[in-house]
>>> print(open('query02.cif').read())   # mmCIF, C-alpha atoms and all ligand atoms
data_my_file
loop_
_atom_site.label_atom_id
_atom_site.label_comp_id
_atom_site.auth_asym_id
_atom_site.auth_seq_id
_atom_site.Cartn_x
_atom_site.Cartn_y
_atom_site.Cartn_z
CA MET A 1 84.18 135.64 205.24
CA ARG A 2 80.76 134.54 203.98
CA LYS A 3 80.54 130.90 202.97
CA THR A 4 79.15 130.09 199.55
CA GLU A 5 77.11 127.21 201.03
CA THR A 6 75.47 126.71 204.40
CA ILE A 7 73.75 123.80 206.09
CA ALA A 8 70.41 125.31 205.00
CA SER A 9 71.42 125.79 201.36
CA LEU A 10 72.85 122.27 201.17
CA LYS A 11 69.74 120.72 202.72
CA SER A 12 67.46 122.61 200.37
CA ALA A 13 69.47 121.38 197.38
CA LYS A 14 67.86 117.95 197.65
CA GLY A 15 65.78 117.32 194.54
CA GLU A 16 66.72 120.76 193.16
CA ARG A 17 70.40 120.58 192.18
CA ARG A 18 73.09 117.93 192.35
CA LEU A 19 75.82 118.54 194.90
CA THR A 20 79.52 118.03 194.26
CA MET A 21 82.20 117.39 196.82
CA ILE A 22 85.88 116.63 196.41
CA THR A 23 88.50 115.85 198.99
CA ALA A 24 91.26 118.38 199.65
CA TYR A 25 94.22 118.11 201.98
CA ASP A 26 96.13 121.35 201.56
CA ALA A 27 95.67 125.07 200.94
CA LEU A 28 97.01 125.10 197.39
CA PHE A 29 94.71 122.46 195.93
CA ALA A 30 91.78 123.62 198.09
CA SER A 31 92.11 127.05 196.47
CA LEU A 32 92.04 125.44 193.01
CA PHE A 33 88.95 123.35 193.79
CA ALA A 34 87.03 125.94 195.81
CA GLU A 35 85.01 127.61 193.08
CA GLU A 36 84.12 124.41 191.26
CA VAL A 37 82.36 122.38 193.96
CA GLU A 38 79.88 122.93 196.79
CA MET A 39 81.88 121.16 199.51
CA LEU A 40 85.47 120.25 200.33
CA LEU A 41 86.05 117.12 202.41
CA VAL A 42 89.23 116.71 204.39
CA GLY A 43 88.92 112.94 204.25
CA ASP A 44 90.97 110.56 206.33
CA SER A 45 91.87 109.04 202.95
CA LEU A 46 94.75 111.53 203.20
CA ASN A 47 96.41 108.96 205.41
CA MET A 48 96.71 106.73 202.33
CA SER A 49 97.33 109.10 199.44
CA PHE A 50 99.26 111.76 201.38
CA LEU A 51 101.08 109.70 204.02
CA GLY A 52 101.35 106.44 202.09
CA GLU A 53 99.76 104.28 204.79
CA PRO A 54 97.90 101.12 203.68
CA ASP A 55 94.55 102.22 205.18
CA THR A 56 92.91 105.13 207.03
CA LEU A 57 93.07 103.65 210.52
CA SER A 58 96.29 105.29 211.73
CA ALA A 59 95.10 108.83 210.92
CA THR A 60 95.11 110.99 214.06
CA LEU A 61 93.00 113.94 215.18
CA ASP A 62 96.05 116.24 215.07
CA GLN A 63 96.76 115.16 211.51
CA MET A 64 93.15 115.88 210.46
CA ILE A 65 93.20 119.26 212.20
CA TYR A 66 96.50 120.22 210.52
CA HIS A 67 95.13 119.45 207.04
CA THR A 68 91.72 120.99 207.77
CA ARG A 69 93.39 124.26 208.80
CA ALA A 70 95.31 124.25 205.55
CA VAL A 71 92.16 123.63 203.50
CA CYS A 72 90.21 126.36 205.34
CA ASN A 73 93.11 128.77 204.76
CA GLY A 74 93.21 127.98 201.04
CA ALA A 75 89.44 128.07 200.56
CA PRO A 76 88.02 130.46 203.17
CA ALA A 77 84.61 130.73 201.47
CA SER A 78 84.14 126.99 200.98
CA PHE A 79 81.99 124.70 203.08
CA VAL A 80 84.59 122.39 204.64
CA VAL A 81 83.91 119.01 206.25
CA CYS A 82 86.54 117.35 208.46
CA ASP A 83 86.52 113.56 208.74
CA MET A 84 86.68 112.28 212.31
CA PRO A 85 89.42 109.64 212.25
CA PHE A 86 89.20 106.09 213.56
CA GLY A 87 89.04 105.79 217.34
CA THR A 88 88.18 109.43 218.06
CA THR A 89 84.40 108.97 218.35
CA ASN A 90 84.08 105.83 220.46
CA THR A 91 81.80 107.40 223.06
CA LYS A 92 79.53 110.40 222.74
CA GLU A 93 81.60 112.33 225.29
CA GLU A 94 84.83 111.60 223.43
CA ALA A 95 83.20 112.41 220.08
CA LEU A 96 81.97 115.77 221.34
CA ALA A 97 85.31 116.69 222.93
CA ASN A 98 87.18 115.80 219.74
CA ALA A 99 84.70 117.53 217.43
CA VAL A 100 84.91 120.66 219.61
CA GLU A 101 88.70 120.46 219.23
CA VAL A 102 88.24 120.41 215.43
CA PHE A 103 85.93 123.43 215.57
CA ARG A 104 88.25 125.32 217.92
CA ARG A 105 91.42 124.79 215.93
CA THR A 106 90.01 125.01 212.38
CA ARG A 107 87.24 126.83 210.55
CA ALA A 108 85.56 123.59 209.47
CA ASP A 109 81.79 123.80 209.05
CA ALA A 110 81.01 120.18 209.88
CA VAL A 111 82.52 116.86 210.83
CA LYS A 112 81.92 113.52 209.12
CA ILE A 113 81.42 110.37 211.17
CA GLU A 114 81.38 106.83 209.81
CA GLY A 115 78.68 104.58 211.22
CA GLY A 116 75.03 103.64 211.20
CA ALA A 117 72.21 103.18 213.70
CA SER A 118 74.55 102.28 216.56
CA ARG A 119 76.08 105.77 216.31
CA ALA A 120 72.81 107.69 216.11
CA GLU A 121 72.78 108.72 219.78
CA LEU A 122 76.35 109.97 219.47
CA VAL A 123 75.44 112.02 216.35
CA ARG A 124 72.45 113.48 218.23
CA HIS A 125 74.78 114.52 221.07
CA LEU A 126 77.05 116.43 218.68
CA VAL A 127 74.18 118.08 216.84
CA ASP A 128 72.62 119.14 220.17
CA ASN A 129 75.93 120.80 220.98
CA ALA A 130 76.15 122.85 217.78
CA ILE A 131 78.37 120.51 215.78
CA ALA A 132 77.03 119.88 212.27
CA VAL A 133 77.43 116.24 211.31
CA MET A 134 77.64 114.53 207.93
CA GLY A 135 77.03 110.78 208.28
CA HIS A 136 78.82 108.05 206.33
CA VAL A 137 77.07 104.73 205.71
CA GLY A 138 77.43 101.71 203.43
CA LEU A 139 81.04 100.62 203.01
CA MET A 140 82.96 102.19 205.87
CA PRO A 141 86.72 102.22 205.29
CA GLN A 142 87.42 102.55 209.03
CA SER A 143 85.93 99.04 209.41
CA VAL A 144 88.34 97.49 206.88
CA ARG A 145 90.22 95.42 209.45
CA SER A 146 87.17 94.25 211.42
CA GLU A 147 85.36 93.40 208.16
CA GLY A 148 88.42 91.72 206.67
CA GLY A 149 88.42 93.95 203.57
CA TYR A 150 86.39 96.51 201.66
CA ARG A 151 82.97 94.91 201.11
CA VAL A 152 80.39 96.35 198.71
CA GLN A 153 77.03 96.60 200.53
CA GLY A 154 73.55 95.93 199.23
CA ARG A 155 74.18 92.74 197.28
CA ASP A 156 72.08 90.77 199.77
CA GLU A 157 68.76 91.57 201.43
CA GLU A 158 70.22 91.85 204.91
CA SER A 159 72.81 94.51 204.08
CA PHE A 160 70.34 96.32 201.77
CA ALA A 161 67.84 96.74 204.61
CA ARG A 162 70.55 97.50 207.20
CA VAL A 163 72.08 100.37 205.23
CA ILE A 164 68.64 101.96 204.71
CA ALA A 165 67.94 101.65 208.45
CA ASP A 166 71.38 103.15 209.19
CA ALA A 167 70.73 106.12 206.92
CA LYS A 168 67.32 106.78 208.47
CA ALA A 169 68.73 106.58 212.00
CA ILE A 170 71.52 109.05 211.18
CA GLU A 171 69.02 111.42 209.57
CA GLU A 172 66.74 111.20 212.62
CA ALA A 173 69.73 111.95 214.83
CA GLY A 174 70.07 115.31 213.09
CA ALA A 175 72.81 114.83 210.46
CA PHE A 176 72.48 117.41 207.68
CA SER A 177 73.76 115.10 204.96
CA LEU A 178 75.12 111.61 204.34
CA VAL A 179 77.93 110.05 202.37
CA ILE A 180 77.06 106.60 201.05
CA GLU A 181 80.01 104.57 199.86
CA GLY A 182 80.50 101.26 198.06
CA VAL A 183 76.92 100.11 197.51
CA THR A 184 74.93 98.85 194.53
CA PRO A 185 73.20 101.57 192.46
CA GLU A 186 69.84 100.16 193.63
CA LEU A 187 70.79 100.71 197.26
CA GLY A 188 72.19 104.17 196.46
CA ARG A 189 68.82 105.09 194.97
CA ALA A 190 66.82 103.48 197.81
CA VAL A 191 68.74 105.38 200.50
CA THR A 192 68.41 108.64 198.55
CA GLU A 193 64.64 108.13 198.41
CA ALA A 194 64.38 107.01 202.04
CA VAL A 195 65.83 110.16 203.63
CA SER A 196 65.10 113.86 203.20
CA ILE A 197 68.72 115.02 203.60
CA PRO A 198 71.19 115.13 200.68
CA VAL A 199 72.93 111.82 200.02
CA ILE A 200 76.40 112.14 198.49
CA GLY A 201 77.55 108.97 196.74
CA ILE A 202 80.95 107.45 196.11
CA GLY A 203 80.74 104.14 194.32
CA ALA A 204 76.97 104.27 194.89
CA GLY A 205 75.61 104.72 191.37
CA ALA A 206 74.18 107.72 189.57
CA GLU A 207 70.96 108.31 191.50
CA THR A 208 72.20 109.94 194.68
CA ASP A 209 71.83 113.67 195.38
CA GLY A 210 75.50 114.30 194.65
CA GLN A 211 78.92 112.73 194.26
CA VAL A 212 82.27 112.85 196.02
CA LEU A 213 85.65 111.70 194.73
CA VAL A 214 89.11 111.66 196.26
CA TRP A 215 91.05 114.39 194.45
CA SER A 216 94.21 112.38 193.84
CA ASP A 217 92.11 109.57 192.31
CA MET A 218 90.11 111.78 189.96
CA LEU A 219 93.19 113.68 188.82
CA GLY A 220 94.99 110.39 188.11
CA LEU A 221 97.77 111.10 190.59
CA PHE A 222 97.28 108.07 192.83
CA GLU A 223 98.63 105.15 190.86
CA ALA A 224 98.71 102.34 193.45
CA PHE A 225 95.22 101.18 192.48
CA LYS A 226 92.08 102.51 190.80
CA PRO A 227 88.76 101.51 192.34
CA LYS A 228 86.00 100.70 189.81
CA PHE A 229 84.00 103.81 190.76
CA VAL A 230 86.83 106.24 190.00
CA LYS A 231 86.83 108.23 186.80
CA ARG A 232 90.16 109.86 186.00
CA TYR A 233 89.55 113.35 184.64
CA MET A 234 93.27 113.82 184.06
CA GLU A 235 96.28 111.52 183.77
CA GLY A 236 98.03 113.49 186.50
CA ALA A 237 100.81 111.04 187.30
CA ALA A 238 101.99 110.92 183.68
CA LEU A 239 101.87 114.72 183.38
CA VAL A 240 103.81 115.26 186.61
CA LYS A 241 106.46 112.67 185.74
CA GLU A 242 106.91 114.13 182.27
CA ALA A 243 107.33 117.67 183.65
CA VAL A 244 109.84 116.60 186.29
CA ARG A 245 111.75 114.49 183.76
CA THR A 246 112.00 117.47 181.39
CA TYR A 247 113.20 119.73 184.23
CA ALA A 248 115.89 117.24 185.25
CA GLN A 249 117.02 116.78 181.62
CA GLU A 250 117.23 120.56 181.10
CA VAL A 251 119.30 121.03 184.25
CA ARG A 252 121.66 118.26 183.16
CA SER A 253 121.97 119.66 179.61
CA GLY A 254 122.34 123.27 180.77
CA ALA A 255 119.11 124.38 179.01
CA PHE A 256 117.68 125.55 182.35
CA PRO A 257 118.03 128.19 183.67
CA ALA A 258 117.97 130.27 180.49
CA GLU A 259 118.70 134.01 180.21
CA GLU A 260 115.05 134.94 181.13
CA HIS A 261 115.39 133.15 184.47
CA CYS A 262 118.48 135.14 185.54
CA TYR A 263 118.55 138.33 187.64
CA ARG A 264 120.30 141.33 186.05
O1 LIG B 301 88.24 109.79 203.54
C1 LIG B 301 87.63 110.08 202.51
O2 LIG B 301 88.18 110.62 201.54
C2 LIG B 301 86.21 109.77 202.45
C3 LIG B 301 85.56 109.77 201.10
C4 LIG B 301 85.96 108.53 200.38
C5 LIG B 301 84.10 109.95 201.18
O3 LIG B 301 85.62 109.46 203.44
#
>>> encode(input="query02.cif", output="structure tokens")
Amino acid sequence: MRKTETIASLKSAKGERRLTMITAYDALFASLFAEEVEMLLVGDSLNMSFLGEPDTLSATLDQMIYHTRAVCNGAPASFVVCDMPFGTTNTKEEALANAVEVFRRTRADAVKIEGGASRAELVRHLVDNAIAVMGHVGLMPQSVRSEGGYRVQGRDEESFARVIADAKAIEEAGAFSLVIEGVTPELGRAVTEAVSIPVIGIGAGAETDGQVLVWSDMLGLFEAFKPKFVKRYMEGAALVKEAVRTYAQEVRSGAFPAEEHCYR
């Protein structure tokens, strides 16, 4: 099936149209999101919102492949990006072997790799071997334990300059696009201006080339906490609870099933 977006169309969007991406973890929701956004990201955030783990670090390659297959099945025409989980891209050889595994077992179009300049050679190795790579710079959730928390970047000169250098290095290595997470709006704008590939922001202000949100955050389904950058477009948790409560009440009262739900 023809994809609605390609690497070329996404790259040429820079400066022309804003790109939208949303995470998806399963076929059903992927099919609902498919026509509304340019890209679906099977983010390792699924380890938190889907599996209930406290961070993304315990996500495995098999887990990511399982969910990416589901998303590709539900949205066969969508451009799908699979996040490479923590510990699966430590060396360039390991990164290539694992990314090939993703491409073999799913119909993902690209992988996403967290990391800056120190990972540029590794990104180059994947790109040279026909694996499209989306970078991820700024706040990197896979570094939460080594950093001692989620730290917004760009509030000091050192991190401001470092994130720009990271973005440039990942672009030079051949990435087709970048996610930039958890940075000041000034740094979001500076990185967007510094590279010629599309920069997709999350908690990075309004002046990036596009935005990404985690689907369960933006639909108001994930209640544990709400980061500052999240806008809830629906109060999903309240709607779901209300529907399930009504169902349970109707079963208890005998109102469900009614005559129209019975076979004759
Ligand atoms: O895992 C994820 O959902 C992500 C987004 C937050 C960009 O990496």
>>> closest_residue(input="query02.cif", among="A:Ile131, A:Leu10, A:Leu178, A:Leu122", to="ligand LIG 301 (chain B)", atoms="all atoms listed in the file")
A:Leu178
>>> atom_distance(input="query02.cif", atom1="atom CA of Arg151 of chain A", atom2="atom CA of Gly205 of chain A")
15.7 Å
>>> residues_near_point(input="query02.cif", point="(91.2, 119.0, 216.9)", cutoff="6 Å", atoms="all atoms listed in the file", output="PyMOL selection string")
chain A and resi 61-62+65+98+101-102+105
>>> residues_near_ligand(input="query02.cif", ligand="ligand LIG 301 (chain B)", cutoff="8 Å", atoms="all atoms listed in the file", output="mmCIF file with C-alpha atoms, keeping the file's coordinate frame")
data_model
loop_
_atom_site.group_PDB
_atom_site.id
_atom_site.type_symbol
_atom_site.label_atom_id
_atom_site.label_comp_id
_atom_site.auth_asym_id
_atom_site.auth_seq_id
_atom_site.Cartn_x
_atom_site.Cartn_y
_atom_site.Cartn_z
ATOM 1 C CA THR A 23 88.500 115.850 198.990
ATOM 2 C CA LEU A 41 86.050 117.120 202.410
ATOM 3 C CA VAL A 42 89.230 116.710 204.390
ATOM 4 C CA GLY A 43 88.920 112.940 204.250
ATOM 5 C CA ASP A 44 90.970 110.560 206.330
ATOM 6 C CA SER A 45 91.870 109.040 202.950
ATOM 7 C CA LEU A 46 94.750 111.530 203.200
ATOM 8 C CA THR A 56 92.910 105.130 207.030
ATOM 9 C CA ASP A 83 86.520 113.560 208.740
ATOM 10 C CA LYS A 112 81.920 113.520 209.120
ATOM 11 C CA HIS A 136 78.820 108.050 206.330
ATOM 12 C CA PRO A 141 86.720 102.220 205.290
ATOM 13 C CA VAL A 179 77.930 110.050 202.370
ATOM 14 C CA ILE A 180 77.060 106.600 201.050
ATOM 15 C CA GLU A 181 80.010 104.570 199.860
ATOM 16 C CA GLY A 201 77.550 108.970 196.740
ATOM 17 C CA ILE A 202 80.950 107.450 196.110
ATOM 18 C CA VAL A 212 82.270 112.850 196.020
ATOM 19 C CA LEU A 213 85.650 111.700 194.730
ATOM 20 C CA VAL A 214 89.110 111.660 196.260
#
>>> residues_around(input="query02.cif", residues="Val183 of chain A", least_positions_apart="4", cutoff="10 Å", atoms="all atoms listed in the file", output="PyMOL selection string")
chain A and resi 137-139+151-155+159-160+163+187-189+201-205
>>> write_last_selection(input="query02.cif", atoms="C-alpha atoms", output="PDB file, in the frame of the given file")
ATOM      1  CA  VAL A 137      77.070 104.730 205.710  1.00  0.00           C
ATOM      2  CA  GLY A 138      77.430 101.710 203.430  1.00  0.00           C
ATOM      3  CA  LEU A 139      81.040 100.620 203.010  1.00  0.00           C
ATOM      4  CA  ARG A 151      82.970  94.910 201.110  1.00  0.00           C
ATOM      5  CA  VAL A 152      80.390  96.350 198.710  1.00  0.00           C
ATOM      6  CA  GLN A 153      77.030  96.600 200.530  1.00  0.00           C
ATOM      7  CA  GLY A 154      73.550  95.930 199.230  1.00  0.00           C
ATOM      8  CA  ARG A 155      74.180  92.740 197.280  1.00  0.00           C
ATOM      9  CA  SER A 159      72.810  94.510 204.080  1.00  0.00           C
ATOM     10  CA  PHE A 160      70.340  96.320 201.770  1.00  0.00           C
ATOM     11  CA  VAL A 163      72.080 100.370 205.230  1.00  0.00           C
ATOM     12  CA  LEU A 187      70.790 100.710 197.260  1.00  0.00           C
ATOM     13  CA  GLY A 188      72.190 104.170 196.460  1.00  0.00           C
ATOM     14  CA  ARG A 189      68.820 105.090 194.970  1.00  0.00           C
ATOM     15  CA  GLY A 201      77.550 108.970 196.740  1.00  0.00           C
ATOM     16  CA  ILE A 202      80.950 107.450 196.110  1.00  0.00           C
ATOM     17  CA  GLY A 203      80.740 104.140 194.320  1.00  0.00           C
ATOM     18  CA  ALA A 204      76.970 104.270 194.890  1.00  0.00           C
ATOM     19  CA  GLY A 205      75.610 104.720 191.370  1.00  0.00           C
TER      20      GLY A 205
END
>>> residues_around(input="query02.cif", residues="Val71 of chain A", least_positions_apart="6", cutoff="7 Å", atoms="all atoms listed in the file", output="PyMOL selection string")
chain A and resi 24-27+30
>>> residues_around(input="query02.cif", residues="Ser31 of chain A", least_positions_apart="6", cutoff="9 Å", atoms="only C-alpha atoms", output="PyMOL selection string")
chain A and resi 71+73-76
>>> residues_around(input="query02.cif", residues="Asn90 of chain A", least_positions_apart="6", cutoff="12 Å", atoms="all atoms listed in the file", output="PyMOL selection string")
chain A and resi 84+96-98+113-115+118-119+121-123
>>> atom_distance(input="query02.cif", atom1="atom CA of Gly135 of chain A", atom2="atom CA of Ala95 of chain A")
13.4 Å
>>> atom_distance(input="query02.cif", atom1="atom CA of Val81 of chain A", atom2="atom CA of Arg107 of chain A")
9.5 Å
>>> closest_residue(input="query02.cif", among="A:Glu207, A:Glu53, A:Glu5, A:Glu147", to="Met39 of chain A", atoms="all atoms listed in the file")
A:Glu5
>>> closest_residue(input="query02.cif", among="A:Gly148, A:Pro185, A:Gly87, A:Gly236", to="Gly220 of chain A", atoms="all atoms listed in the file")
A:Gly236
>>> residues_around(input="query02.cif", residues="Ala59 of chain A", least_positions_apart="2", cutoff="6 Å", atoms="all atoms listed in the file", output="PyMOL selection string")
chain A and resi 47+56-57+85
>>> closest_residue(input="query02.cif", among="A:Arg145, A:His125, A:Arg18, A:Lys3", to="Asp209 of chain A", atoms="only C-alpha atoms")
A:Arg18
>>> closest_atom_pairs(input="query02.cif", of="segment 2-58 of chain A", to="segment 192-200 of chain A", cutoff="10 Å", atoms="all atoms listed in the file", output="tab-separated table")
residue	atom	partner	partner_atom	distance
A:Leu10	CA	A:Pro198	CA	7.3
A:Lys11	CA	A:Ile197	CA	5.9
A:Ser12	CA	A:Ile197	CA	8.3
A:Ala13	CA	A:Pro198	CA	7.3
A:Lys14	CA	A:Pro198	CA	5.3
A:Gly15	CA	A:Pro198	CA	8.5
A:Arg18	CA	A:Pro198	CA	9.0
A:Leu19	CA	A:Ile200	CA	7.4
A:Thr20	CA	A:Ile200	CA	7.9
A:Met21	CA	A:Ile200	CA	8.0
>>> write_last_selection(input="query02.cif", atoms="C-alpha atoms", output="PDB file, keeping the file's coordinate frame")
ATOM      1  CA  LEU A  10      72.850 122.270 201.170  1.00  0.00           C
ATOM      2  CA  LYS A  11      69.740 120.720 202.720  1.00  0.00           C
ATOM      3  CA  SER A  12      67.460 122.610 200.370  1.00  0.00           C
ATOM      4  CA  ALA A  13      69.470 121.380 197.380  1.00  0.00           C
ATOM      5  CA  LYS A  14      67.860 117.950 197.650  1.00  0.00           C
ATOM      6  CA  GLY A  15      65.780 117.320 194.540  1.00  0.00           C
ATOM      7  CA  ARG A  18      73.090 117.930 192.350  1.00  0.00           C
ATOM      8  CA  LEU A  19      75.820 118.540 194.900  1.00  0.00           C
ATOM      9  CA  THR A  20      79.520 118.030 194.260  1.00  0.00           C
ATOM     10  CA  MET A  21      82.200 117.390 196.820  1.00  0.00           C
TER      11      MET A  21
END
>>> build_atoms(input="query02.cif", residues="segment 44-54 of chain A", atoms="all heavy atoms", output="PDB file, in the coordinates of the input")
ATOM      1  N   ASP A  44      89.840 111.282 205.732  1.00  0.00           N
ATOM      2  CA  ASP A  44      90.970 110.560 206.330  1.00  0.00           C
ATOM      3  C   ASP A  44      91.677 109.685 205.291  1.00  0.00           C
ATOM      4  O   ASP A  44      92.708 109.077 205.579  1.00  0.00           O
ATOM      5  CB  ASP A  44      90.559 109.763 207.577  1.00  0.00           C
ATOM      6  CG  ASP A  44      89.488 108.714 207.293  1.00  0.00           C
ATOM      7  OD1 ASP A  44      89.059 108.583 206.130  1.00  0.00           O
ATOM      8  OD2 ASP A  44      89.094 108.018 208.253  1.00  0.00           O
ATOM      9  N   SER A  45      91.154 109.680 204.056  1.00  0.00           N
ATOM     10  CA  SER A  45      91.870 109.040 202.950  1.00  0.00           C
ATOM     11  C   SER A  45      93.243 109.686 202.754  1.00  0.00           C
ATOM     12  O   SER A  45      94.119 109.107 202.119  1.00  0.00           O
ATOM     13  CB  SER A  45      91.057 109.138 201.652  1.00  0.00           C
ATOM     14  OG  SER A  45      90.716 110.493 201.388  1.00  0.00           O
ATOM     15  N   LEU A  46      93.429 110.881 203.299  1.00  0.00           N
ATOM     16  CA  LEU A  46      94.750 111.530 203.200  1.00  0.00           C
ATOM     17  C   LEU A  46      95.838 110.672 203.826  1.00  0.00           C
ATOM     18  O   LEU A  46      97.018 110.769 203.466  1.00  0.00           O
ATOM     19  CB  LEU A  46      94.726 112.938 203.823  1.00  0.00           C
ATOM     20  CG  LEU A  46      94.456 113.124 205.315  1.00  0.00           C
ATOM     21  CD1 LEU A  46      95.680 112.907 206.169  1.00  0.00           C
ATOM     22  CD2 LEU A  46      93.901 114.514 205.568  1.00  0.00           C
ATOM     23  N   ASN A  47      95.425 109.839 204.760  1.00  0.00           N
ATOM     24  CA  ASN A  47      96.410 108.960 205.410  1.00  0.00           C
ATOM     25  C   ASN A  47      97.020 107.983 204.402  1.00  0.00           C
ATOM     26  O   ASN A  47      98.174 107.574 204.547  1.00  0.00           O
ATOM     27  CB  ASN A  47      95.707 108.171 206.522  1.00  0.00           C
ATOM     28  CG  ASN A  47      96.654 107.678 207.586  1.00  0.00           C
ATOM     29  OD1 ASN A  47      97.462 108.456 208.097  1.00  0.00           O
ATOM     30  ND2 ASN A  47      96.579 106.402 207.929  1.00  0.00           N
ATOM     31  N   MET A  48      96.230 107.657 203.371  1.00  0.00           N
ATOM     32  CA  MET A  48      96.710 106.730 202.330  1.00  0.00           C
ATOM     33  C   MET A  48      97.423 107.504 201.216  1.00  0.00           C
ATOM     34  O   MET A  48      98.588 107.258 200.925  1.00  0.00           O
ATOM     35  CB  MET A  48      95.551 105.923 201.765  1.00  0.00           C
ATOM     36  CG  MET A  48      94.906 105.031 202.805  1.00  0.00           C
ATOM     37  SD  MET A  48      93.329 104.350 202.283  1.00  0.00           S
ATOM     38  CE  MET A  48      93.870 103.025 201.213  1.00  0.00           C
ATOM     39  N   SER A  49      96.719 108.473 200.620  1.00  0.00           N
ATOM     40  CA  SER A  49      97.330 109.100 199.440  1.00  0.00           C
ATOM     41  C   SER A  49      98.384 110.130 199.821  1.00  0.00           C
ATOM     42  O   SER A  49      99.306 110.364 199.040  1.00  0.00           O
ATOM     43  CB  SER A  49      96.265 109.704 198.528  1.00  0.00           C
ATOM     44  OG  SER A  49      95.478 110.607 199.216  1.00  0.00           O
ATOM     45  N   PHE A  50      98.284 110.729 200.985  1.00  0.00           N
ATOM     46  CA  PHE A  50      99.260 111.760 201.380  1.00  0.00           C
ATOM     47  C   PHE A  50     100.406 111.151 202.182  1.00  0.00           C
ATOM     48  O   PHE A  50     101.561 111.476 201.982  1.00  0.00           O
ATOM     49  CB  PHE A  50      98.552 112.834 202.213  1.00  0.00           C
ATOM     50  CG  PHE A  50      99.080 114.217 201.994  1.00  0.00           C
ATOM     51  CD1 PHE A  50      98.575 115.018 200.974  1.00  0.00           C
ATOM     52  CD2 PHE A  50     100.074 114.733 202.795  1.00  0.00           C
ATOM     53  CE1 PHE A  50      99.064 116.286 200.751  1.00  0.00           C
ATOM     54  CE2 PHE A  50     100.571 116.005 202.584  1.00  0.00           C
ATOM     55  CZ  PHE A  50     100.062 116.787 201.561  1.00  0.00           C
ATOM     56  N   LEU A  51     100.050 110.250 203.119  1.00  0.00           N
ATOM     57  CA  LEU A  51     101.080 109.700 204.020  1.00  0.00           C
ATOM     58  C   LEU A  51     101.601 108.353 203.552  1.00  0.00           C
ATOM     59  O   LEU A  51     102.623 107.874 204.053  1.00  0.00           O
ATOM     60  CB  LEU A  51     100.476 109.588 205.428  1.00  0.00           C
ATOM     61  CG  LEU A  51     101.461 109.569 206.587  1.00  0.00           C
ATOM     62  CD1 LEU A  51     102.195 110.906 206.689  1.00  0.00           C
ATOM     63  CD2 LEU A  51     100.761 109.263 207.895  1.00  0.00           C
ATOM     64  N   GLY A  52     100.884 107.718 202.614  1.00  0.00           N
ATOM     65  CA  GLY A  52     101.350 106.440 202.090  1.00  0.00           C
ATOM     66  C   GLY A  52     101.063 105.248 202.973  1.00  0.00           C
ATOM     67  O   GLY A  52     101.646 104.173 202.798  1.00  0.00           O
ATOM     68  N   GLU A  53     100.119 105.410 203.927  1.00  0.00           N
ATOM     69  CA  GLU A  53      99.760 104.280 204.790  1.00  0.00           C
ATOM     70  C   GLU A  53      98.811 103.338 204.026  1.00  0.00           C
ATOM     71  O   GLU A  53      98.116 103.763 203.096  1.00  0.00           O
ATOM     72  CB  GLU A  53      99.067 104.792 206.064  1.00  0.00           C
ATOM     73  CG  GLU A  53      99.966 105.616 206.975  1.00  0.00           C
ATOM     74  CD  GLU A  53     100.955 104.776 207.759  1.00  0.00           C
ATOM     75  OE1 GLU A  53     100.763 103.544 207.855  1.00  0.00           O
ATOM     76  OE2 GLU A  53     101.939 105.341 208.267  1.00  0.00           O
ATOM     77  N   PRO A  54      98.743 102.067 204.431  1.00  0.00           N
ATOM     78  CA  PRO A  54      97.900 101.120 203.680  1.00  0.00           C
ATOM     79  C   PRO A  54      96.396 101.316 203.888  1.00  0.00           C
ATOM     80  O   PRO A  54      95.595 100.840 203.082  1.00  0.00           O
ATOM     81  CB  PRO A  54      98.343  99.757 204.204  1.00  0.00           C
ATOM     82  CG  PRO A  54      98.974 100.026 205.526  1.00  0.00           C
ATOM     83  CD  PRO A  54      99.556 101.406 205.459  1.00  0.00           C
TER      84      PRO A  54
END
